[in-house]
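**Q** Can you keep this structure in mind? I'll have questions shortly.
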Amino acid sequence: MGWLLGCVTVVEPTALKAFQRLKVAVLMGGYSAERDISLASACQVVLALRRLGHQVRAVDTARGWLTKEQEEVLFQVGVSRTYPPEQQARCGVPAWLSLPGDFTPDLWFLALHGGAGEDGRMQGLLEMTGIPYTGSGVLGSSVAMDKDVSKRLLRLAGVPTADWCMAPVSERGVEKALGWPVVVKPSKQGSTVGLSVVRAPEQLAAAIALAYGYDDEVMVERFISGRELTGPVLGDAALTVGEIVLQRGEIFDYEAKYQPGGALEVFPADLPVAVTAEVQRLALLAHQTLKLKGYSRADFRLDAQGRLWCLEVNTLPGLTAMSLVPQAAAAQGMSFDVLVDQLCEQALSKASTTLAAMSNPV
C-alpha cells in the first residue's frame, strides 16, 4: 500500500480521446444526509465507466475501498432514507487514502453529494494527492454550498435570487423583511434536506430547529411561487432546460426528487424561446460567477409575472437514472456513457491546464 498525500500525478487530457484505459476510483457514500443519493449515482457511474472499458474501483469514503461483493450489496439499496454508518473518528488522514497494492487511480470520479463531499473539504484533500478529480475545485465547491455567500455573489453578478435573512430571526422580523410564506433551510445542505415551507409565525421556531439539525447556519428565504425550472451546465455550455411539474406538494423536495411519482420532469421545458435562452444565460452566468468546473445545475422559479429567480446552484448534481443532468443531456442526443466520458475528460483537461499554469515562470 502507498499513501497519496504529497505525490503529483497528472494524466494527459488526450487520454480518453486516444482511448487509454484508465484506472478510475469512484468516490461515493460518505457521512452526509445525501449518502443514499450518492450510492445511487455511483452505481450508474461505475457501470458506465466499465462499459467504456476503464478499470474501476468503488470507494465508500465512510468505509474504504470496496470489494466486488461489498459493492454489489451497496448498489442494491437504491434511493431510500438510509443513514450513514457510525464513524469512529473523523480526524486524521482517511484510511481510503492508503491505496490497494494493485490499484493507483489515474482519476477520482466524485459521485458524492452533500457534506464534506461537495463543500470543498474533499476537493482540498484530493488536490493534495495530485490526481485529477471530476467536478469543481475547492473554492467553487465551498462557495456554492454556502447559500448565504453564493446568493450574495449571484446578486452582484446580476442573477436574481429571492430576499433572505439568516437565523437567529424573530417572527416579527421575518414578517417585516420577507412576509409569509417563507422557506427555512440549512445554509449548507442539498436535496432539500431539512427544508420547510412556513406559512405562519407560529411555525417558524420548529422549522428553524429542524434546519439546525443539519447545519450550524439556517437561512430564511422569501417563498417564490411559480414553475420550477432547471438549467444544467456542462463544461462551458448550457444544456437543455427542463421543467419539474410537481405531482404533489409545492416544492421539489426529497421525496419528489427521488421517489417514483413525485414529479414529472419535462425535457425540453415548454417555454417561449426567449425564456429558455434566459434560463440558459443565467445558469451559465451562475456557473461562471461561482467559479465552477465540469458541470453544475442551477434551479429556478418562474413567477406569474414572468420573472426568473435562482433558487440554488448544485456543484455535484445527481447522476442517478432519474437525475436531471442526464435527462438534459439525453434531450440533446448525449447518452449517459458519453456524459460520464466528458466529465472524465474535463477533469483531466482541468488538471493539465492547472499544472501548465503552475509550471510557467513569472
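Each chain in the C-alpha cells gets a letter, A, B and so on, in the order shown; residues start at 1 in every chain, and ligands are counted from 1 in the order they appear.
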DSSP on the backbone: which residues in stretch 138-215 of chain A end up as strand (DSSP E)? Give the answer as an MDAnalysis selection string.

**A** chainID A and resid 164:166 182:186 196:198

**Q** Choose the residue, out of A:Pro317, A:Pro168, A:Pro100, A:Pro326, that has the smallest atom-to-atom separation from A:Gly117; count only C-alpha atoms.

**A**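 Looking at the shortest contact to A:Gly117, the residue is A:Pro317.
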
**Q** Restricting the calculation to only C-alpha atoms, which member of A:Ile131, A:Leu324, A:Val46, A:Val340 is positioned closest to A:Ile244?

**A** A:Leu324

**Q** Can you pull out every residue within 10 Å of A:Ala331, counting only C-alpha atoms, but drop anything in the same chain fewer than 5 positions away, and send it as an mmCIF file with all heavy atoms, in the first residue's frame?

**A**
data_model
loop_
_atom_site.group_PDB
_atom_site.id
_atom_site.type_symbol
_atom_site.label_atom_id
_atom_site.label_comp_id
_atom_site.auth_asym_id
_atom_site.auth_seq_id
_atom_site.Cartn_x
_atom_site.Cartn_y
_atom_site.Cartn_z
ATOM 1 N N LEU A 239 -26.951 23.253 -21.108
ATOM 2 C CA LEU A 239 -27.682 22.142 -21.702
ATOM 3 C C LEU A 239 -29.171 22.487 -21.826
ATOM 4 O O LEU A 239 -29.598 23.601 -21.535
ATOM 5 C CB LEU A 239 -27.500 20.887 -20.850
ATOM 6 C CG LEU A 239 -26.079 20.312 -20.738
ATOM 7 C CD1 LEU A 239 -26.072 19.092 -19.825
ATOM 8 C CD2 LEU A 239 -25.505 19.969 -22.106
ATOM 9 N N THR A 240 -29.949 21.504 -22.239
ATOM 10 C CA THR A 240 -31.389 21.671 -22.408
ATOM 11 C C THR A 240 -32.043 22.057 -21.086
ATOM 12 O O THR A 240 -31.771 21.458 -20.041
ATOM 13 C CB THR A 240 -32.011 20.359 -22.914
ATOM 14 O OG1 THR A 240 -31.389 20.010 -24.157
ATOM 15 C CG2 THR A 240 -33.512 20.499 -23.113
ATOM 16 N N VAL A 241 -32.913 23.052 -21.128
ATOM 17 C CA VAL A 241 -33.652 23.484 -19.937
ATOM 18 C C VAL A 241 -34.804 22.515 -19.686
ATOM 19 O O VAL A 241 -35.496 22.089 -20.617
ATOM 20 C CB VAL A 241 -34.195 24.907 -20.123
ATOM 21 C CG1 VAL A 241 -35.099 25.319 -18.956
ATOM 22 C CG2 VAL A 241 -33.036 25.889 -20.278
ATOM 23 N N GLY A 242 -34.995 22.159 -18.423
ATOM 24 C CA GLY A 242 -36.079 21.259 -18.057
ATOM 25 C C GLY A 242 -37.065 21.916 -17.118
ATOM 26 O O GLY A 242 -36.771 22.940 -16.491
ATOM 27 N N VAL A 266 -39.823 17.306 -17.422
ATOM 28 C CA VAL A 266 -40.047 17.514 -18.847
ATOM 29 C C VAL A 266 -38.816 18.163 -19.474
ATOM 30 O O VAL A 266 -38.399 19.259 -19.076
ATOM 31 C CB VAL A 266 -41.287 18.405 -19.082
ATOM 32 C CG1 VAL A 266 -41.522 18.596 -20.580
ATOM 33 C CG2 VAL A 266 -42.514 17.814 -18.397
ATOM 34 N N PHE A 267 -38.224 17.487 -20.464
ATOM 35 C CA PHE A 267 -37.074 17.999 -21.215
ATOM 36 C C PHE A 267 -37.345 17.833 -22.706
ATOM 37 O O PHE A 267 -37.609 16.714 -23.158
ATOM 38 C CB PHE A 267 -35.803 17.226 -20.851
ATOM 39 C CG PHE A 267 -35.268 17.527 -19.491
ATOM 40 C CD1 PHE A 267 -35.708 16.819 -18.387
ATOM 41 C CD2 PHE A 267 -34.316 18.517 -19.304
ATOM 42 C CE1 PHE A 267 -35.220 17.082 -17.124
ATOM 43 C CE2 PHE A 267 -33.817 18.794 -18.043
ATOM 44 C CZ PHE A 267 -34.268 18.068 -16.947
ATOM 45 N N PRO A 268 -37.323 18.925 -23.467
ATOM 46 C CA PRO A 268 -37.125 20.306 -23.021
ATOM 47 C C PRO A 268 -38.399 20.889 -22.417
ATOM 48 O O PRO A 268 -39.511 20.438 -22.716
ATOM 49 C CB PRO A 268 -36.751 21.030 -24.325
ATOM 50 C CG PRO A 268 -37.452 20.243 -25.393
ATOM 51 C CD PRO A 268 -37.427 18.811 -24.934
ATOM 52 N N VAL A 325 -29.554 16.229 -14.781
ATOM 53 C CA VAL A 325 -28.488 16.483 -15.758
ATOM 54 C C VAL A 325 -28.439 15.402 -16.834
ATOM 55 O O VAL A 325 -28.371 15.719 -18.033
ATOM 56 C CB VAL A 325 -27.126 16.648 -15.054
ATOM 57 C CG1 VAL A 325 -25.992 16.707 -16.077
ATOM 58 C CG2 VAL A 325 -27.112 17.917 -14.204
ATOM 59 N N PRO A 326 -28.470 14.121 -16.487
ATOM 60 C CA PRO A 326 -28.526 13.108 -17.551
ATOM 61 C C PRO A 326 -29.745 13.243 -18.460
ATOM 62 O O PRO A 326 -29.649 12.997 -19.664
ATOM 63 C CB PRO A 326 -28.564 11.785 -16.765
ATOM 64 C CG PRO A 326 -27.875 12.095 -15.481
ATOM 65 C CD PRO A 326 -28.286 13.496 -15.153
#

**Q** Write out as an MDAnalysis selection string which residues come within 8 Å of A:Gln44 when counting only C-alpha atoms, dropping same-chain ones fewer than 6 positions away.

**A** chainID A and resid 319:321

**Q** With C-alpha atoms retained, write the just-selected residues as a PDB file, in the first residue's frame.

**A**
ATOM      1  CA  LEU A 319     -26.243  11.074 -11.693  1.00  0.00           C
ATOM      2  CA  THR A 320     -28.990   8.569 -10.928  1.00  0.00           C
ATOM      3  CA  ALA A 321     -31.352   7.131 -13.509  1.00  0.00           C
TER       4      ALA A 321
END

**Q** Excluding same-chain residues fewer than 3 positions from A:Thr134, what lies within 10 Å of it counting only C-alpha atoms, as a compact mmCIF listing (two decimals) with N, CA, C and O atoms, in the first residue's frame?

**A**
# COMPACT_ATOMS: atom_id res chain seq x y z
N VAL A 26 -14.09 5.60 -8.03
CA VAL A 26 -15.36 6.33 -7.87
C VAL A 26 -15.61 6.51 -6.37
O VAL A 26 -15.81 5.54 -5.63
N LEU A 107 -7.62 8.79 -11.96
CA LEU A 107 -8.68 9.79 -11.83
C LEU A 107 -9.59 9.42 -10.67
O LEU A 107 -9.94 8.25 -10.49
N TRP A 108 -9.96 10.44 -9.89
CA TRP A 108 -11.03 10.30 -8.90
C TRP A 108 -12.33 10.77 -9.55
O TRP A 108 -12.39 11.90 -10.04
N PHE A 109 -13.36 9.96 -9.53
CA PHE A 109 -14.67 10.39 -10.03
C PHE A 109 -15.57 10.59 -8.80
O PHE A 109 -15.86 9.66 -8.07
N LEU A 110 -16.01 11.83 -8.60
CA LEU A 110 -16.81 12.15 -7.42
C LEU A 110 -18.28 11.88 -7.68
O LEU A 110 -18.93 12.59 -8.45
N ALA A 111 -18.80 10.85 -7.03
CA ALA A 111 -20.24 10.58 -7.03
C ALA A 111 -20.80 10.87 -5.64
O ALA A 111 -21.78 10.28 -5.23
N GLN A 123 -12.53 18.13 -1.97
CA GLN A 123 -11.75 18.67 -3.08
C GLN A 123 -10.36 19.10 -2.61
O GLN A 123 -9.37 18.89 -3.31
N GLY A 137 -13.55 22.80 -8.19
CA GLY A 137 -12.43 22.83 -7.26
C GLY A 137 -12.84 23.23 -5.86
O GLY A 137 -14.02 23.30 -5.52
N LYS A 293 -16.55 24.23 -12.21
CA LYS A 293 -15.89 23.50 -13.28
C LYS A 293 -16.64 22.20 -13.55
O LYS A 293 -17.33 21.67 -12.68
N GLY A 294 -16.46 21.69 -14.77
CA GLY A 294 -17.03 20.38 -15.11
C GLY A 294 -18.50 20.45 -15.44
O GLY A 294 -18.88 20.47 -16.61
N TYR A 295 -19.32 20.47 -14.41
CA TYR A 295 -20.76 20.57 -14.63
C TYR A 295 -21.43 21.14 -13.39
O TYR A 295 -20.85 21.17 -12.31
N LEU A 316 -22.34 19.24 -7.64
CA LEU A 316 -22.27 17.81 -7.97
C LEU A 316 -23.69 17.28 -8.10
O LEU A 316 -24.18 16.54 -7.25
N VAL A 340 -20.68 10.75 -18.95
CA VAL A 340 -19.65 10.34 -17.99
C VAL A 340 -18.27 10.49 -18.59
O VAL A 340 -17.32 10.97 -17.95
N GLN A 342 -17.34 12.59 -20.89
CA GLN A 342 -17.00 14.00 -20.96
C GLN A 342 -16.58 14.55 -19.60
O GLN A 342 -15.67 15.38 -19.50
N LEU A 343 -17.23 14.11 -18.54
CA LEU A 343 -16.85 14.56 -17.20
C LEU A 343 -15.43 14.13 -16.86
O LEU A 343 -14.66 14.89 -16.26
N CYS A 344 -15.07 12.92 -17.27
CA CYS A 344 -13.70 12.44 -17.05
C CYS A 344 -12.70 13.28 -17.86
O CYS A 344 -11.66 13.71 -17.35
N GLU A 345 -13.03 13.49 -19.11
CA GLU A 345 -12.13 14.24 -19.99
C GLU A 345 -11.92 15.66 -19.48
O GLU A 345 -10.80 16.19 -19.50
N GLN A 346 -12.99 16.29 -19.02
CA GLN A 346 -12.87 17.65 -18.48
C GLN A 346 -11.97 17.68 -17.25
O GLN A 346 -11.20 18.62 -17.06
N ALA A 347 -12.08 16.66 -16.40
CA ALA A 347 -11.24 16.61 -15.21
C ALA A 347 -9.76 16.50 -15.58
O ALA A 347 -8.90 17.16 -14.99
N LEU A 348 -9.46 15.65 -16.55
CA LEU A 348 -8.08 15.50 -16.99
C LEU A 348 -7.55 16.78 -17.62
O LEU A 348 -6.41 17.20 -17.40
N LYS A 350 -8.65 19.86 -17.02
CA LYS A 350 -8.51 20.86 -15.95
C LYS A 350 -7.19 20.68 -15.22
O LYS A 350 -6.46 21.64 -14.95
N ALA A 351 -6.84 19.43 -14.89
CA ALA A 351 -5.61 19.15 -14.17
C ALA A 351 -4.39 19.52 -15.00
O ALA A 351 -3.42 20.09 -14.50

**Q** Neighbours of stretch 199-202 of chain A within 7 Å (only C-alpha atoms; same-chain residues fewer than 3 positions away dropped), as a ChimeraX atom specification?

**A** /A:171,180-182

**Q** Create the file for the chosen residues now, containing C-alpha atoms and written as a PDB file, in the first residue's frame.

**A**
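Contents of result-v3.pdb, as written:
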ATOM      1  CA  GLU A 171     -41.295  36.185  13.727  1.00  0.00           C
ATOM      2  CA  TRP A 180     -45.221  34.950   4.575  1.00  0.00           C
ATOM      3  CA  PRO A 181     -44.733  32.248   3.396  1.00  0.00           C
ATOM      4  CA  VAL A 182     -41.001  31.682   3.743  1.00  0.00           C
TER       5      VAL A 182
END

**Q** Between atom CA of A:Gln332 and atom CA of A:Met145, measure the distance and give it in Å to one decimal.

**A**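 Separating atom CA of A:Gln332 from atom CA of A:Met145 is a distance of 28.3 Å.
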
**Q** If you run DSSP on the backbone, which residues of stretch 31-68 of chain A are helix (DSSP H, G or I), as a ChimeraX atom specification?

**A** /A:35-51,68

**Q** Can I get the selected residues back with N, CA and C atoms, as a PDB file, in the first residue's frame?

**A**
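Resulting contents of out-v8.pdb:
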ATOM      1  N   ARG A  35     -26.265  10.478   1.555  1.00  0.00           N
ATOM      2  CA  ARG A  35     -25.499   9.259   1.296  1.00  0.00           C
ATOM      3  C   ARG A  35     -26.196   8.335   0.301  1.00  0.00           C
ATOM      4  N   ASP A  36     -27.489   8.115   0.487  1.00  0.00           N
ATOM      5  CA  ASP A  36     -28.199   7.174  -0.369  1.00  0.00           C
ATOM      6  C   ASP A  36     -28.261   7.645  -1.817  1.00  0.00           C
ATOM      7  N   ILE A  37     -28.372   8.959  -2.014  1.00  0.00           N
ATOM      8  CA  ILE A  37     -28.370   9.510  -3.371  1.00  0.00           C
ATOM      9  C   ILE A  37     -27.011   9.286  -4.020  1.00  0.00           C
ATOM     10  N   SER A  38     -25.963   9.467  -3.224  1.00  0.00           N
ATOM     11  CA  SER A  38     -24.614   9.233  -3.718  1.00  0.00           C
ATOM     12  C   SER A  38     -24.429   7.789  -4.170  1.00  0.00           C
ATOM     13  N   LEU A  39     -24.922   6.844  -3.397  1.00  0.00           N
ATOM     14  CA  LEU A  39     -24.787   5.437  -3.768  1.00  0.00           C
ATOM     15  C   LEU A  39     -25.518   5.139  -5.076  1.00  0.00           C
ATOM     16  N   ALA A  40     -26.695   5.731  -5.241  1.00  0.00           N
ATOM     17  CA  ALA A  40     -27.451   5.519  -6.473  1.00  0.00           C
ATOM     18  C   ALA A  40     -26.727   6.123  -7.675  1.00  0.00           C
ATOM     19  N   SER A  41     -26.138   7.311  -7.507  1.00  0.00           N
ATOM     20  CA  SER A  41     -25.354   7.908  -8.582  1.00  0.00           C
ATOM     21  C   SER A  41     -24.146   7.050  -8.909  1.00  0.00           C
ATOM     22  N   ALA A  42     -23.443   6.603  -7.869  1.00  0.00           N
ATOM     23  CA  ALA A  42     -22.221   5.826  -8.070  1.00  0.00           C
ATOM     24  C   ALA A  42     -22.493   4.545  -8.840  1.00  0.00           C
ATOM     25  N   CYS A  43     -23.609   3.910  -8.560  1.00  0.00           N
ATOM     26  CA  CYS A  43     -23.962   2.676  -9.263  1.00  0.00           C
ATOM     27  C   CYS A  43     -24.006   2.912 -10.767  1.00  0.00           C
ATOM     28  N   GLN A  44     -24.670   3.986 -11.188  1.00  0.00           N
ATOM     29  CA  GLN A  44     -24.780   4.287 -12.618  1.00  0.00           C
ATOM     30  C   GLN A  44     -23.420   4.650 -13.219  1.00  0.00           C
ATOM     31  N   VAL A  45     -22.625   5.415 -12.468  1.00  0.00           N
ATOM     32  CA  VAL A  45     -21.318   5.858 -12.962  1.00  0.00           C
ATOM     33  C   VAL A  45     -20.367   4.681 -13.120  1.00  0.00           C
ATOM     34  N   VAL A  46     -20.321   3.815 -12.123  1.00  0.00           N
ATOM     35  CA  VAL A  46     -19.441   2.651 -12.184  1.00  0.00           C
ATOM     36  C   VAL A  46     -19.772   1.786 -13.403  1.00  0.00           C
ATOM     37  N   LEU A  47     -21.055   1.533 -13.623  1.00  0.00           N
ATOM     38  CA  LEU A  47     -21.453   0.716 -14.769  1.00  0.00           C
ATOM     39  C   LEU A  47     -21.063   1.387 -16.086  1.00  0.00           C
ATOM     40  N   ALA A  48     -21.253   2.704 -16.178  1.00  0.00           N
ATOM     41  CA  ALA A  48     -20.905   3.425 -17.405  1.00  0.00           C
ATOM     42  C   ALA A  48     -19.405   3.380 -17.662  1.00  0.00           C
ATOM     43  N   LEU A  49     -18.607   3.606 -16.638  1.00  0.00           N
ATOM     44  CA  LEU A  49     -17.154   3.587 -16.809  1.00  0.00           C
ATOM     45  C   LEU A  49     -16.669   2.211 -17.246  1.00  0.00           C
ATOM     46  N   ARG A  50     -17.273   1.175 -16.720  1.00  0.00           N
ATOM     47  CA  ARG A  50     -16.882  -0.184 -17.126  1.00  0.00           C
ATOM     48  C   ARG A  50     -17.309  -0.470 -18.562  1.00  0.00           C
ATOM     49  N   ARG A  51     -18.469   0.040 -18.948  1.00  0.00           N
ATOM     50  CA  ARG A  51     -18.877  -0.118 -20.353  1.00  0.00           C
ATOM     51  C   ARG A  51     -17.904   0.597 -21.294  1.00  0.00           C
ATOM     52  N   LYS A  68     -15.762  -6.392  -4.673  1.00  0.00           N
ATOM     53  CA  LYS A  68     -16.861  -6.514  -5.628  1.00  0.00           C
ATOM     54  C   LYS A  68     -18.153  -6.922  -4.916  1.00  0.00           C
TER      55      LYS A  68
END

**Q** Which residues are close to A:Val169, i.e. within 10 Å by only C-alpha atoms, leaving aside same-chain residues fewer than 3 positions away? Reply as a ChimeraX atom specification.

**A** /A:165-166,172-174,204-205,208,218-220
